[in-house]
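Structure file coords_18.cif with mmCIF, C-alpha atoms and all ligand atoms:
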data_run
loop_
_atom_site.label_atom_id
_atom_site.label_comp_id
_atom_site.auth_asym_id
_atom_site.auth_seq_id
_atom_site.Cartn_x
_atom_site.Cartn_y
_atom_site.Cartn_z
CA MET A 1 -75.65 178.36 -34.76
CA PHE A 2 -78.83 176.63 -33.59
CA VAL A 3 -81.05 176.07 -36.63
CA VAL A 4 -84.68 175.41 -35.72
CA THR A 5 -86.67 173.80 -38.51
CA GLY A 6 -89.82 171.73 -39.06
CA ASN A 7 -93.32 172.11 -40.35
CA THR A 8 -95.66 175.05 -39.88
CA GLY A 9 -97.10 175.28 -36.38
CA THR A 10 -94.74 172.73 -34.81
CA GLY A 11 -93.29 175.36 -32.46
CA LYS A 12 -90.12 176.68 -34.14
CA THR A 13 -90.75 180.29 -33.14
CA SER A 14 -91.67 179.21 -29.60
CA VAL A 15 -88.42 177.24 -29.26
CA THR A 16 -86.42 180.15 -30.64
CA LYS A 17 -88.00 182.52 -28.09
CA TYR A 18 -87.06 180.04 -25.38
CA LEU A 19 -83.46 179.91 -26.64
CA ASN A 20 -83.41 183.68 -26.54
CA ASP A 21 -84.95 183.99 -23.08
CA PHE A 22 -83.01 181.23 -21.31
CA PHE A 23 -79.74 180.95 -23.22
CA GLU A 24 -79.54 184.57 -24.40
CA MET A 25 -79.20 183.47 -28.00
CA PRO A 26 -80.29 186.24 -30.35
CA LYS A 27 -82.49 185.19 -33.25
CA VAL A 28 -81.33 185.96 -36.76
CA ILE A 29 -84.05 188.23 -38.12
CA THR A 30 -84.86 187.04 -41.61
CA HIS A 31 -86.70 188.81 -44.41
CA THR A 32 -90.10 188.10 -45.87
CA THR A 33 -92.65 189.49 -48.30
CA ARG A 34 -95.42 187.93 -46.17
CA LYS A 35 -97.74 190.43 -44.46
CA PRO A 36 -97.25 190.71 -40.67
CA ARG A 37 -99.56 188.71 -38.43
CA GLU A 38 -101.31 190.56 -35.64
CA GLY A 39 -98.69 191.36 -32.98
CA GLU A 40 -95.68 190.81 -35.26
CA MET A 41 -93.26 193.72 -35.47
CA ASP A 42 -90.98 194.83 -38.25
CA GLN A 43 -87.28 194.32 -37.41
CA VAL A 44 -88.22 192.09 -34.46
CA ASP A 45 -90.08 189.14 -35.94
CA TYR A 46 -88.94 189.73 -39.51
CA TYR A 47 -87.79 192.45 -41.81
CA PHE A 48 -91.10 192.82 -43.60
CA GLU A 49 -90.38 193.69 -47.22
CA SER A 50 -92.10 194.61 -50.44
CA ALA A 51 -91.23 192.54 -53.52
CA ASP A 52 -88.84 195.35 -54.54
CA SER A 53 -87.14 195.96 -51.18
CA PHE A 54 -86.70 192.19 -50.71
CA LYS A 55 -84.41 192.13 -53.76
CA GLN A 56 -82.03 194.73 -52.23
CA ASN A 57 -80.71 192.33 -49.56
CA HIS A 58 -77.57 190.21 -49.69
CA PHE A 59 -79.01 186.76 -49.17
CA LEU A 60 -77.12 183.69 -48.05
CA GLU A 61 -80.17 181.69 -49.08
CA GLN A 62 -83.73 182.41 -50.03
CA VAL A 63 -86.86 180.36 -50.60
CA ASP A 64 -90.46 180.61 -51.72
CA TYR A 65 -92.87 179.34 -49.08
CA ASN A 66 -96.59 179.14 -49.79
CA GLY A 67 -96.51 182.07 -52.22
CA ASN A 68 -94.22 184.40 -50.25
CA GLN A 69 -90.48 184.96 -50.33
CA TYR A 70 -88.21 184.43 -47.33
CA GLY A 71 -84.47 184.89 -47.00
CA SER A 72 -81.63 185.13 -44.51
CA SER A 73 -79.20 187.93 -45.21
CA LYS A 74 -75.52 188.40 -44.45
CA GLU A 75 -76.45 191.58 -42.55
CA GLY A 76 -79.08 189.78 -40.46
CA LEU A 77 -76.52 187.16 -39.42
CA GLU A 78 -73.89 189.77 -38.60
CA ARG A 79 -76.33 191.71 -36.39
CA ALA A 80 -77.08 188.55 -34.40
CA PHE A 81 -73.39 187.60 -34.09
CA GLU A 82 -72.58 191.10 -32.80
CA LYS A 83 -74.67 190.26 -29.73
CA ASN A 84 -73.50 186.71 -28.98
CA PRO A 85 -71.39 183.96 -30.59
CA LEU A 86 -74.32 181.55 -30.01
CA ILE A 87 -77.28 182.45 -32.21
CA THR A 88 -80.49 180.86 -33.42
CA ILE A 89 -82.37 180.96 -36.72
CA VAL A 90 -85.78 179.65 -37.83
CA LEU A 91 -85.78 178.14 -41.33
CA ASP A 92 -87.85 175.84 -43.48
CA THR A 93 -86.22 172.47 -44.13
CA LYS A 94 -84.76 173.64 -47.45
CA GLY A 95 -82.98 176.54 -45.74
CA ALA A 96 -81.83 174.27 -42.90
CA ALA A 97 -80.25 171.90 -45.44
CA THR A 98 -78.46 174.84 -47.08
CA TYR A 99 -76.95 175.96 -43.76
CA LEU A 100 -75.97 172.43 -42.80
CA GLU A 101 -74.15 172.00 -46.07
CA ALA A 102 -72.46 175.44 -45.96
CA LEU A 103 -71.25 175.56 -42.36
CA PRO A 104 -68.52 173.46 -40.71
CA GLU A 105 -70.11 170.46 -38.98
CA ASP A 106 -69.18 171.55 -35.46
CA GLU A 107 -70.66 175.04 -35.88
CA VAL A 108 -74.27 174.11 -36.56
CA VAL A 109 -76.85 172.29 -34.46
CA VAL A 110 -80.13 171.43 -36.18
CA MET A 111 -83.40 170.80 -34.32
CA TYR A 112 -86.23 169.37 -36.40
CA LEU A 113 -89.55 169.92 -34.65
CA THR A 114 -92.55 167.73 -35.19
CA VAL A 115 -95.76 166.67 -33.42
CA SER A 116 -97.27 163.21 -32.92
CA LYS A 117 -100.66 164.17 -34.32
CA GLU A 118 -100.53 166.28 -37.47
CA ARG A 119 -104.16 167.32 -36.93
CA ASP A 120 -103.09 169.28 -33.81
CA LEU A 121 -101.33 171.77 -36.08
CA TYR A 122 -104.61 173.21 -37.33
CA GLN A 123 -105.70 174.08 -33.78
CA ARG A 124 -102.29 175.53 -32.94
CA LEU A 125 -102.45 177.85 -35.93
CA VAL A 126 -106.01 178.89 -34.98
CA LYS A 127 -104.81 179.57 -31.44
CA ARG A 128 -101.99 181.70 -32.84
CA GLY A 129 -104.60 183.86 -34.55
CA ASP A 130 -104.00 182.84 -38.18
CA ASP A 131 -107.09 183.22 -40.33
CA VAL A 132 -108.76 180.09 -41.60
CA GLN A 133 -108.03 180.86 -45.24
CA SER A 134 -104.30 181.22 -44.65
CA ILE A 135 -104.25 178.08 -42.48
CA ASN A 136 -105.97 176.04 -45.19
CA SER A 137 -103.62 177.42 -47.81
CA ARG A 138 -100.58 176.52 -45.69
CA LEU A 139 -101.80 173.05 -44.75
CA SER A 140 -102.43 172.19 -48.39
CA SER A 141 -99.16 173.64 -49.71
CA GLU A 142 -96.36 171.58 -51.23
CA GLU A 143 -94.04 173.02 -48.55
CA PHE A 144 -96.30 171.53 -45.87
CA VAL A 145 -96.04 168.08 -47.43
CA ARG A 146 -92.26 168.46 -47.84
CA ASP A 147 -91.61 169.68 -44.26
CA ALA A 148 -93.79 166.97 -42.71
CA GLN A 149 -90.89 164.53 -43.15
CA LEU A 150 -87.35 164.87 -41.89
CA PRO A 151 -85.45 165.36 -45.17
CA ALA A 152 -82.61 162.99 -46.02
CA ALA A 153 -80.20 165.95 -46.08
CA LEU A 154 -80.86 166.57 -42.37
CA ALA A 155 -81.34 163.02 -41.15
CA ALA A 156 -77.78 162.32 -40.02
CA LYS A 157 -77.40 165.52 -38.04
CA ALA A 158 -80.77 166.79 -36.85
CA HIS A 159 -82.08 166.34 -33.32
CA VAL A 160 -85.73 165.39 -33.72
CA VAL A 161 -87.87 167.10 -31.07
CA VAL A 162 -91.47 165.93 -30.79
CA ASN A 163 -93.18 169.04 -29.44
CA ASP A 164 -96.37 167.59 -27.95
CA ASP A 165 -95.81 168.80 -24.43
CA TRP A 166 -94.14 172.18 -23.94
CA GLU A 167 -92.47 171.35 -20.58
CA GLU A 168 -90.99 168.19 -22.08
CA THR A 169 -89.84 170.14 -25.15
CA LYS A 170 -87.98 172.63 -22.96
CA ARG A 171 -86.18 169.74 -21.23
CA LYS A 172 -85.17 168.25 -24.60
CA VAL A 173 -83.97 171.61 -25.88
CA ASP A 174 -81.97 172.18 -22.67
CA ALA A 175 -80.25 168.81 -23.14
CA ILE A 176 -79.43 169.51 -26.80
CA VAL A 177 -77.97 172.93 -26.01
CA LYS A 178 -75.94 171.69 -23.05
CA GLN A 179 -74.50 168.82 -25.07
CA ALA A 180 -73.60 171.16 -27.93
CA ILE A 181 -71.87 173.82 -25.88
CA GLN A 182 -69.96 171.64 -23.44
CA PRO A 183 -66.19 171.86 -23.97
CA LYS A 184 -64.76 168.97 -26.01
CA VAL A 185 -62.14 166.83 -24.24
CA ASP A 186 -59.51 165.31 -26.58
N1 LIG B 1 -96.12 172.11 -27.07
C1 LIG B 1 -97.09 172.94 -27.46
N2 LIG B 1 -98.36 172.68 -27.12
C2 LIG B 1 -99.38 173.49 -27.52
N3 LIG B 1 -99.22 174.60 -28.27
C3 LIG B 1 -97.97 174.90 -28.64
C4 LIG B 1 -96.83 174.10 -28.27
N4 LIG B 1 -95.72 174.67 -28.78
C5 LIG B 1 -96.12 175.77 -29.45
N5 LIG B 1 -97.47 175.92 -29.36
C6 LIG B 1 -98.32 176.96 -29.96
O1 LIG B 1 -98.53 176.61 -31.32
C7 LIG B 1 -98.63 177.80 -32.13
C8 LIG B 1 -97.59 177.71 -33.26
O2 LIG B 1 -96.29 177.80 -32.67
P1 LIG B 1 -95.11 178.58 -33.41
O3 LIG B 1 -95.59 179.88 -33.92
O4 LIG B 1 -93.96 178.57 -32.46
O5 LIG B 1 -94.86 177.56 -34.62
P2 LIG B 1 -93.89 177.69 -35.87
O6 LIG B 1 -93.29 176.36 -36.09
O7 LIG B 1 -92.95 178.83 -35.67
O8 LIG B 1 -94.92 178.01 -37.03
P3 LIG B 1 -94.72 178.68 -38.50
O9 LIG B 1 -93.73 177.90 -39.25
O10 LIG B 1 -96.11 178.60 -39.09
O11 LIG B 1 -94.30 180.11 -38.27
C9 LIG B 1 -98.43 178.98 -31.18
O12 LIG B 1 -99.70 179.46 -30.81
C10 LIG B 1 -97.71 178.36 -29.97
O13 LIG B 1 -97.95 179.07 -28.79
N1 LIG B 2 -85.21 179.09 -45.81
C1 LIG B 2 -85.75 180.06 -45.05
N2 LIG B 2 -86.91 179.83 -44.40
C2 LIG B 2 -87.40 180.81 -43.63
C3 LIG B 2 -86.76 182.04 -43.48
N3 LIG B 2 -87.48 182.81 -42.64
C4 LIG B 2 -88.55 182.05 -42.26
N4 LIG B 2 -88.49 180.84 -42.86
C5 LIG B 2 -89.45 179.74 -42.80
O1 LIG B 2 -90.56 180.07 -43.61
C6 LIG B 2 -91.70 179.34 -43.17
C7 LIG B 2 -92.90 180.25 -43.03
O2 LIG B 2 -92.67 181.20 -42.00
P1 LIG B 2 -93.88 182.02 -41.35
O3 LIG B 2 -93.26 182.99 -40.39
O4 LIG B 2 -94.62 182.68 -42.46
O5 LIG B 2 -94.74 181.02 -40.64
C8 LIG B 2 -91.32 178.70 -41.84
O6 LIG B 2 -90.98 177.34 -42.11
C9 LIG B 2 -90.07 179.46 -41.46
O7 LIG B 2 -89.23 178.67 -40.68
C10 LIG B 2 -85.54 182.25 -44.21
O8 LIG B 2 -84.91 183.32 -44.15
N5 LIG B 2 -85.09 181.24 -44.97
#

Translate the structure described by the file into structure tokens.
Ligand SMILES: Nc1ncnc2c1ncn2[C@@H]1O[C@H](COP(=O)(O)OP(=O)(O)OP(=O)(O)O)[C@@H](O)[C@H]1O
Ligand SMILES: Nc1nc2c(ncn2[C@@H]2O[C@H](COP(=O)(O)O)[C@@H](O)[C@H]2O)c(=O)[nH]1
Amino acid sequence: MFVVTGNTGTGKTSVTKYLNDFFEMPKVITHTTRKPREGEMDQVDYYFESADSFKQNHFLEQVDYNGNQYGSSKEGLERAFEKNPLITIVLDTKGAATYLEALPEDEVVVMYLTVSKERDLYQRLVKRGDDVQSINSRLSSEEFVRDAQLPAALAAKAHVVVNDDWEETKRKVDAIVKQAIQPKVD
């Protein structure tokens, strides 16, 4: 499982789409009570839930992020694994730490995305079409402050990918995937 984590706007969803397009890794569709952004589709980007329907799922982990609930369900994981033994999931750093702790060491690869200039994130979120109010709320949230640093729980295992230049990021991701999937020689 390729876990893609990092702060808001650092490019986690973009990297996951790349993993899907070029390595045919299905994304685990997670659940959220957040409202869809323009262009996001139910059951593709997320399972968009009400507060009540969210509770009906069988979660492996769940978090609050900037006032909304998010969670990865057993069913969501199974649907991804039905398509391919190599899968990807986008998580905040708290969720990434949970997966790293729960899964055998050789079954999980963590990529922690970051950018050199934190101020670039604002423009990236504007470019994505987020409204200014939601951007400001996100960038002043406690989750933003938390995810701006590689947490100690991930430090020993995570591949840090500085996503300043998209072409360079793709090369780094290619190298990480190839290293992870190459057969081990005893
Ligand atoms: N290297 C890059 N250079 C410039 N823009 C980028 C780069 N990588 C991604 N972006 C753009 O930045 C925006 C945010 O990217 P993305 O949605 O992948 O981030 P994210 O980490 O998934 O964010 P969130 O946690 O808020 O969902 C998108 O508009 C995306 O196209
Ligand atoms: N721990 C989990 N984190 C999740 C899950 N699904 C998404 N996320 C993370 O939440 C934030 C906000 O996402 P956004 O789509 O509103 O920008 C981001 O860090 C995601 O990676 C989940 O199931 N568990």

Report the closest atom pair, with its distance in Å rounded to one decimal, for each residue of region 45-161 of chain A that has an atom no farther than 12 Å from region 176-185 of chain A; count only C-alpha atoms, sort by chain and then rising residue number, and write it as a tab-separated table.
residue	atom	partner	partner_atom	distance
A:Pro85	CA	A:Ile181	CA	11.2
A:Leu86	CA	A:Ile181	CA	9.1
A:Ile87	CA	A:Val177	CA	11.4
A:Thr88	CA	A:Val177	CA	11.1
A:Glu105	CA	A:Ala180	CA	11.6
A:Asp106	CA	A:Ala180	CA	8.7
A:Glu107	CA	A:Ala180	CA	9.3
A:Val108	CA	A:Ala180	CA	9.1
A:Val109	CA	A:Ala180	CA	7.4
A:Val110	CA	A:Ile176	CA	9.6
A:Met111	CA	A:Ile176	CA	8.6
A:Tyr112	CA	A:Ile176	CA	11.8
A:Ala158	CA	A:Ile176	CA	10.5
A:His159	CA	A:Ile176	CA	7.7
A:Val160	CA	A:Ile176	CA	10.2
A:Val161	CA	A:Ile176	CA	9.8

Å distance separating atom O5 of ligand LIG 1 (chain B) from CA of Leu103 (chain A), one decimal place: 24.9 Å

Among listed residues A:Val28, A:Gln123, A:Val63, A:Thr33, nearest Glu78 (chain A) (using all atoms listed in the file):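 Of A:Val28, A:Gln123, A:Val63, A:Thr33, the one nearest Glu78 (chain A), counting all atoms listed in the file, is A:Val28.
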
Nearby residues, ligand LIG 2 (chain B), 9 Å, only C-alpha atoms and all ligand atoms, as an NGL selection string: :A and (4-9 or 12-13 or 28-32 or 34-37 or 45-46 or 59-66 or 68-73 or 89-98 or 138 or 143-144 or 147)

Residue among A:Thr10, A:Lys27, A:Leu154, A:Asp130 lying closest to Glu118 (chain A), counting all atoms listed in the file: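 With all atoms listed in the file as the atom set, the closest residue is A:Thr10.
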
Atom C6 of ligand LIG 1 (chain B) to CA of Glu75 (chain A), distance in Å rounded to a single decimal: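 Calculated distance between atom C6 of ligand LIG 1 (chain B) and CA of Glu75 (chain A) is 29.2 Å.
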
Which of A:Phe81, A:Phe54, A:Trp166, A:Tyr47 sits closest to ligand LIG 1 (chain B) [using all atoms listed in the file]: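 Nearest to ligand LIG 1 (chain B): A:Trp166.
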
Pairwise distance for CA of Ala148 (chain A) and atom O10 of ligand LIG 1 (chain B), rounded to one decimal in Å: 12.4 Å

Nearest to ligand LIG 1 (chain B) by atom-to-atom distance, counting all atoms listed in the file, from A:Arg146, A:Arg128, A:Lys83, A:Lys157: A:Arg128

Nearest residue to ligand LIG 1 (chain B) from the set A:Leu125, A:Val44, A:Val132, A:Ala156 (distances using all atoms listed in the file):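 Closest to ligand LIG 1 (chain B) of all the choices is A:Leu125.
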
For Gly39 (chain A), the nearest of the candidates A:Thr16, A:Val173, A:Glu142, A:Gly129, counting only C-alpha atoms: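 Of A:Thr16, A:Val173, A:Glu142, A:Gly129, the one nearest Gly39 (chain A) is A:Gly129, counting only C-alpha atoms.
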
Ser116 (chain A) environment, 8 Å, only C-alpha atoms, sequence neighbours closer than 3 positions dropped, as a list in words: Val162, Asn163 and Asp164 of chain A

Tyr122 (chain A) surroundings by all atoms listed in the file, 8 Å radius, close-in-sequence under 2 positions cut, as a ChimeraX atom specification: /A:9,119-120,124-126,135,139
